[in-house]
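Below is the file work.cif, which contains mmCIF, C-alpha atoms; chains and numbers go by the auth columns.
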data_structure
#
loop_
_atom_site.group_PDB
_atom_site.id
_atom_site.type_symbol
_atom_site.label_atom_id
_atom_site.label_comp_id
_atom_site.label_asym_id
_atom_site.label_seq_id
_atom_site.Cartn_x
_atom_site.Cartn_y
_atom_site.Cartn_z
_atom_site.B_iso_or_equiv
_atom_site.auth_seq_id
_atom_site.auth_asym_id
ATOM 1 C CA MET A 1 2.901 4.930 -10.589 0.00 1 L
ATOM 2 C CA PHE A 2 2.350 2.598 -13.538 0.00 2 L
ATOM 3 C CA ALA A 3 2.217 -1.200 -13.578 0.00 3 L
ATOM 4 C CA ILE A 4 3.584 -2.454 -16.915 0.00 4 L
ATOM 5 C CA PHE A 5 2.476 -5.936 -17.974 0.00 5 L
ATOM 6 C CA ASP A 6 4.730 -8.074 -20.169 0.00 6 L
ATOM 7 C CA ARG A 7 2.813 -11.330 -20.359 0.00 7 L
ATOM 8 C CA GLN A 8 4.995 -12.600 -23.200 0.00 8 L
ATOM 9 C CA GLN A 9 8.089 -12.454 -20.973 0.00 9 L
ATOM 10 C CA GLY A 10 6.132 -13.167 -17.759 0.00 10 L
ATOM 11 C CA PHE A 11 7.139 -9.938 -15.986 0.00 11 L
ATOM 12 C CA LEU A 12 5.346 -7.120 -14.220 0.00 12 L
ATOM 13 C CA CYS A 13 7.380 -3.908 -13.898 0.00 13 L
ATOM 14 C CA PHE A 14 6.614 -0.611 -12.194 0.00 14 L
ATOM 15 C CA ALA A 15 7.552 2.904 -13.257 0.00 15 L
ATOM 16 C CA THR A 16 6.843 6.512 -12.389 0.00 16 L
ATOM 17 C CA ARG A 17 6.766 7.506 -16.091 0.00 17 L
ATOM 18 C CA ILE A 18 6.210 5.776 -19.416 0.00 18 L
ATOM 19 C CA ALA A 19 8.282 6.826 -22.426 0.00 19 L
ATOM 20 C CA ASP A 20 6.572 8.323 -25.468 0.00 20 L
ATOM 21 C CA GLY A 21 5.772 5.694 -28.067 0.00 21 L
ATOM 22 C CA PHE A 22 5.449 2.804 -25.616 0.00 22 L
ATOM 23 C CA ARG A 23 2.994 0.313 -27.101 0.00 23 L
ATOM 24 C CA GLY A 24 2.642 -2.146 -24.233 0.00 24 L
ATOM 25 C CA HIS A 25 -0.070 -2.687 -21.647 0.00 25 L
ATOM 26 C CA TRP A 26 -0.095 -0.771 -18.392 0.00 26 L
ATOM 27 C CA GLN A 27 -2.275 0.331 -15.495 0.00 27 L
ATOM 28 C CA ASP A 28 -1.982 3.887 -14.173 0.00 28 L
ATOM 29 C CA GLY A 29 -2.421 4.995 -10.554 0.00 29 L
ATOM 30 C CA VAL A 30 -1.108 1.878 -8.831 0.00 30 L
ATOM 31 C CA THR A 31 0.733 1.523 -5.550 0.00 31 L
ATOM 32 C CA LEU A 32 3.556 -0.940 -4.939 0.00 32 L
ATOM 33 C CA ALA A 33 3.968 -2.092 -1.347 0.00 33 L
ATOM 34 C CA PRO A 34 7.543 -2.058 0.023 0.00 34 L
ATOM 35 C CA LEU A 35 9.620 -4.936 -1.316 0.00 35 L
ATOM 36 C CA PRO A 36 10.398 -7.861 1.017 0.00 36 L
ATOM 37 C CA ASP A 37 13.873 -7.914 2.555 0.00 37 L
ATOM 38 C CA ASP A 38 14.668 -11.420 1.303 0.00 38 L
ATOM 39 C CA LEU A 39 13.770 -10.786 -2.345 0.00 39 L
ATOM 40 C CA TYR A 40 17.366 -10.989 -3.579 0.00 40 L
ATOM 41 C CA THR A 41 19.074 -12.978 -0.850 0.00 41 L
ATOM 42 C CA LEU A 42 20.669 -16.347 -1.425 0.00 42 L
ATOM 43 C CA PRO A 43 18.367 -19.134 -0.354 0.00 43 L
ATOM 44 C CA CYS A 44 19.065 -20.981 2.861 0.00 44 L
ATOM 45 C CA GLY A 45 15.898 -23.025 2.874 0.00 45 L
ATOM 46 C CA PRO A 46 13.026 -23.262 0.426 0.00 46 L
ATOM 47 C CA GLY A 47 14.927 -22.303 -2.734 0.00 47 L
ATOM 48 C CA TRP A 48 15.506 -19.239 -4.858 0.00 48 L
ATOM 49 C CA PRO A 49 12.863 -16.523 -4.414 0.00 49 L
ATOM 50 C CA ASP A 50 10.057 -16.680 -6.972 0.00 50 L
ATOM 51 C CA ARG A 51 9.520 -12.862 -6.883 0.00 51 L
ATOM 52 C CA ILE A 52 5.830 -13.306 -7.716 0.00 52 L
ATOM 53 C CA VAL A 53 3.609 -10.201 -7.892 0.00 53 L
ATOM 54 C CA GLY A 54 0.224 -10.196 -6.210 0.00 54 L
ATOM 55 C CA VAL A 55 -2.672 -7.744 -6.462 0.00 55 L
ATOM 56 C CA SER A 56 -4.895 -6.906 -3.503 0.00 56 L
ATOM 57 C CA LEU A 57 -8.314 -8.547 -3.411 0.00 57 L
ATOM 58 C CA ASP A 58 -9.799 -5.325 -1.989 0.00 58 L
ATOM 59 C CA ASP A 59 -7.869 -2.693 -3.985 0.00 59 L
ATOM 60 C CA HIS A 60 -6.985 -3.636 -7.572 0.00 60 L
ATOM 61 C CA GLY A 61 -4.476 -0.786 -7.683 0.00 61 L
ATOM 62 C CA LEU A 62 -2.365 -2.171 -4.829 0.00 62 L
ATOM 63 C CA TYR A 63 0.433 -4.567 -5.749 0.00 63 L
ATOM 64 C CA ARG A 64 2.853 -6.495 -3.566 0.00 64 L
ATOM 65 C CA VAL A 65 5.881 -8.592 -4.425 0.00 65 L
ATOM 66 C CA PHE A 66 6.114 -11.904 -2.597 0.00 66 L
ATOM 67 C CA SER A 67 9.401 -13.734 -2.249 0.00 67 L
ATOM 68 C CA TYR A 68 7.723 -17.107 -2.650 0.00 68 L
ATOM 69 C CA THR A 69 4.482 -18.136 -4.376 0.00 69 L
ATOM 70 C CA ASP A 70 3.251 -19.876 -1.211 0.00 70 L
ATOM 71 C CA ASP A 71 3.440 -16.536 0.662 0.00 71 L
ATOM 72 C CA VAL A 72 0.465 -15.249 -1.357 0.00 72 L
ATOM 73 C CA VAL A 73 -1.954 -17.757 0.230 0.00 73 L
ATOM 74 C CA GLY A 74 -4.015 -16.100 2.977 0.00 74 L
ATOM 75 C CA SER A 75 -2.365 -12.690 2.439 0.00 75 L
ATOM 76 C CA GLY A 76 -5.377 -10.836 1.025 0.00 76 L
ATOM 77 C CA PHE A 77 -3.706 -10.783 -2.405 0.00 77 L
ATOM 78 C CA ARG A 78 -4.037 -12.997 -5.455 0.00 78 L
ATOM 79 C CA SER A 79 -1.165 -13.936 -7.699 0.00 79 L
ATOM 80 C CA THR A 80 -0.925 -12.167 -11.050 0.00 80 L
ATOM 81 C CA GLY A 81 1.108 -15.090 -12.344 0.00 81 L
ATOM 82 C CA LEU A 82 3.864 -12.618 -13.264 0.00 82 L
ATOM 83 C CA ILE A 83 7.364 -12.175 -11.862 0.00 83 L
ATOM 84 C CA TYR A 84 8.588 -8.840 -10.511 0.00 84 L
ATOM 85 C CA GLY A 85 10.615 -7.208 -13.288 0.00 85 L
ATOM 86 C CA GLY A 86 11.885 -4.163 -11.398 0.00 86 L
ATOM 87 C CA THR A 87 10.973 -0.580 -10.599 0.00 87 L
ATOM 88 C CA PHE A 88 12.065 2.214 -12.905 0.00 88 L
ATOM 89 C CA ASP A 89 11.926 5.982 -13.111 0.00 89 L
ATOM 90 C CA ARG A 90 10.983 5.717 -16.801 0.00 90 L
ATOM 91 C CA PHE A 91 9.923 2.652 -18.767 0.00 91 L
ATOM 92 C CA PRO A 92 11.319 1.488 -21.058 0.00 92 L
ATOM 93 C CA ARG A 93 14.711 2.795 -20.046 0.00 93 L
ATOM 94 C CA ARG A 94 16.743 4.758 -22.581 0.00 94 L
ATOM 95 C CA THR A 95 19.205 1.896 -23.023 0.00 95 L
ATOM 96 C CA GLN A 96 16.340 -0.376 -24.058 0.00 96 L
ATOM 97 C CA ARG A 97 15.127 2.187 -26.601 0.00 97 L
ATOM 98 C CA LYS A 98 18.622 2.638 -28.069 0.00 98 L
ATOM 99 C CA LEU A 99 18.915 -1.098 -28.521 0.00 99 L
ATOM 100 C CA GLY A 100 15.626 -1.237 -30.408 0.00 100 L
ATOM 101 C CA HIS A 101 13.846 -2.976 -27.560 0.00 101 L
ATOM 102 C CA HIS A 102 10.576 -4.581 -28.630 0.00 102 L
ATOM 103 C CA TYR A 103 8.522 -2.305 -26.379 0.00 103 L
ATOM 104 C CA LEU A 104 8.723 0.536 -28.894 0.00 104 L
ATOM 105 C CA SER A 105 7.406 0.017 -32.371 0.00 105 L
ATOM 106 C CA GLY A 106 9.429 1.268 -35.293 0.00 106 L
ATOM 107 C CA GLU A 107 12.734 1.278 -33.413 0.00 107 L
#
Represent the supplied structure as structure tokens.
Amino acid sequence: MFAIFDRQQGFLCFATRIADGFRGHWQDGVTLAPLPDDLYTLPCGPGWPDRIVGVSLDDHGLYRVFSYTDDVVGSGFRSTGLIYGGTFDRFPRRTQRKLGHHYLSGE
């Protein structure tokens, strides 16, 4: 799996494949822990989920999405400062390439 970093937009996405011509920054061979159940639920307490991505302190290839930034404290992970941008089979998706998405140069 690949971790794709979009620091300009503040997102960290994950994908099993990267499309030819992709000019962004990524890390190969990563693992994404299962997503939390409350990642997309309506808030009933502390507010909308932050969807912050953390990386393990012991294994820099292990990522975990935390619903709230405060959940990272004491978890054995450190915050990447980036928001979870989704998991994809291929990145960027074909619809992004057809629209001339900024991830591919010359399109």
Quiz item: What's the 12 Å shell around stretch 56-65 of chain L, counting only C-alpha atoms, without same-chain residues fewer than 2 positions away, as a PyMOL selection string?
Solution: chain L and resi 1-4+11-14+26-40+49-54+67-69+71-87
Practice problem: Kindly give the distance, in Å, that separates atom CA of L:Ala15 and atom CA of L:Arg90, rounded to a single decimal. | Solution: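 Result for atom CA of L:Ala15 versus atom CA of L:Arg90: 5.7 Å, one decimal.
Atom CA of L:Phe91 is found 5.8 Å from atom CA of L:Ala19.
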Quiz prompt | Two-atom distance - atom CA of L:Ile18, atom CA of L:Phe66 (Å) | solution = 24.4 Å
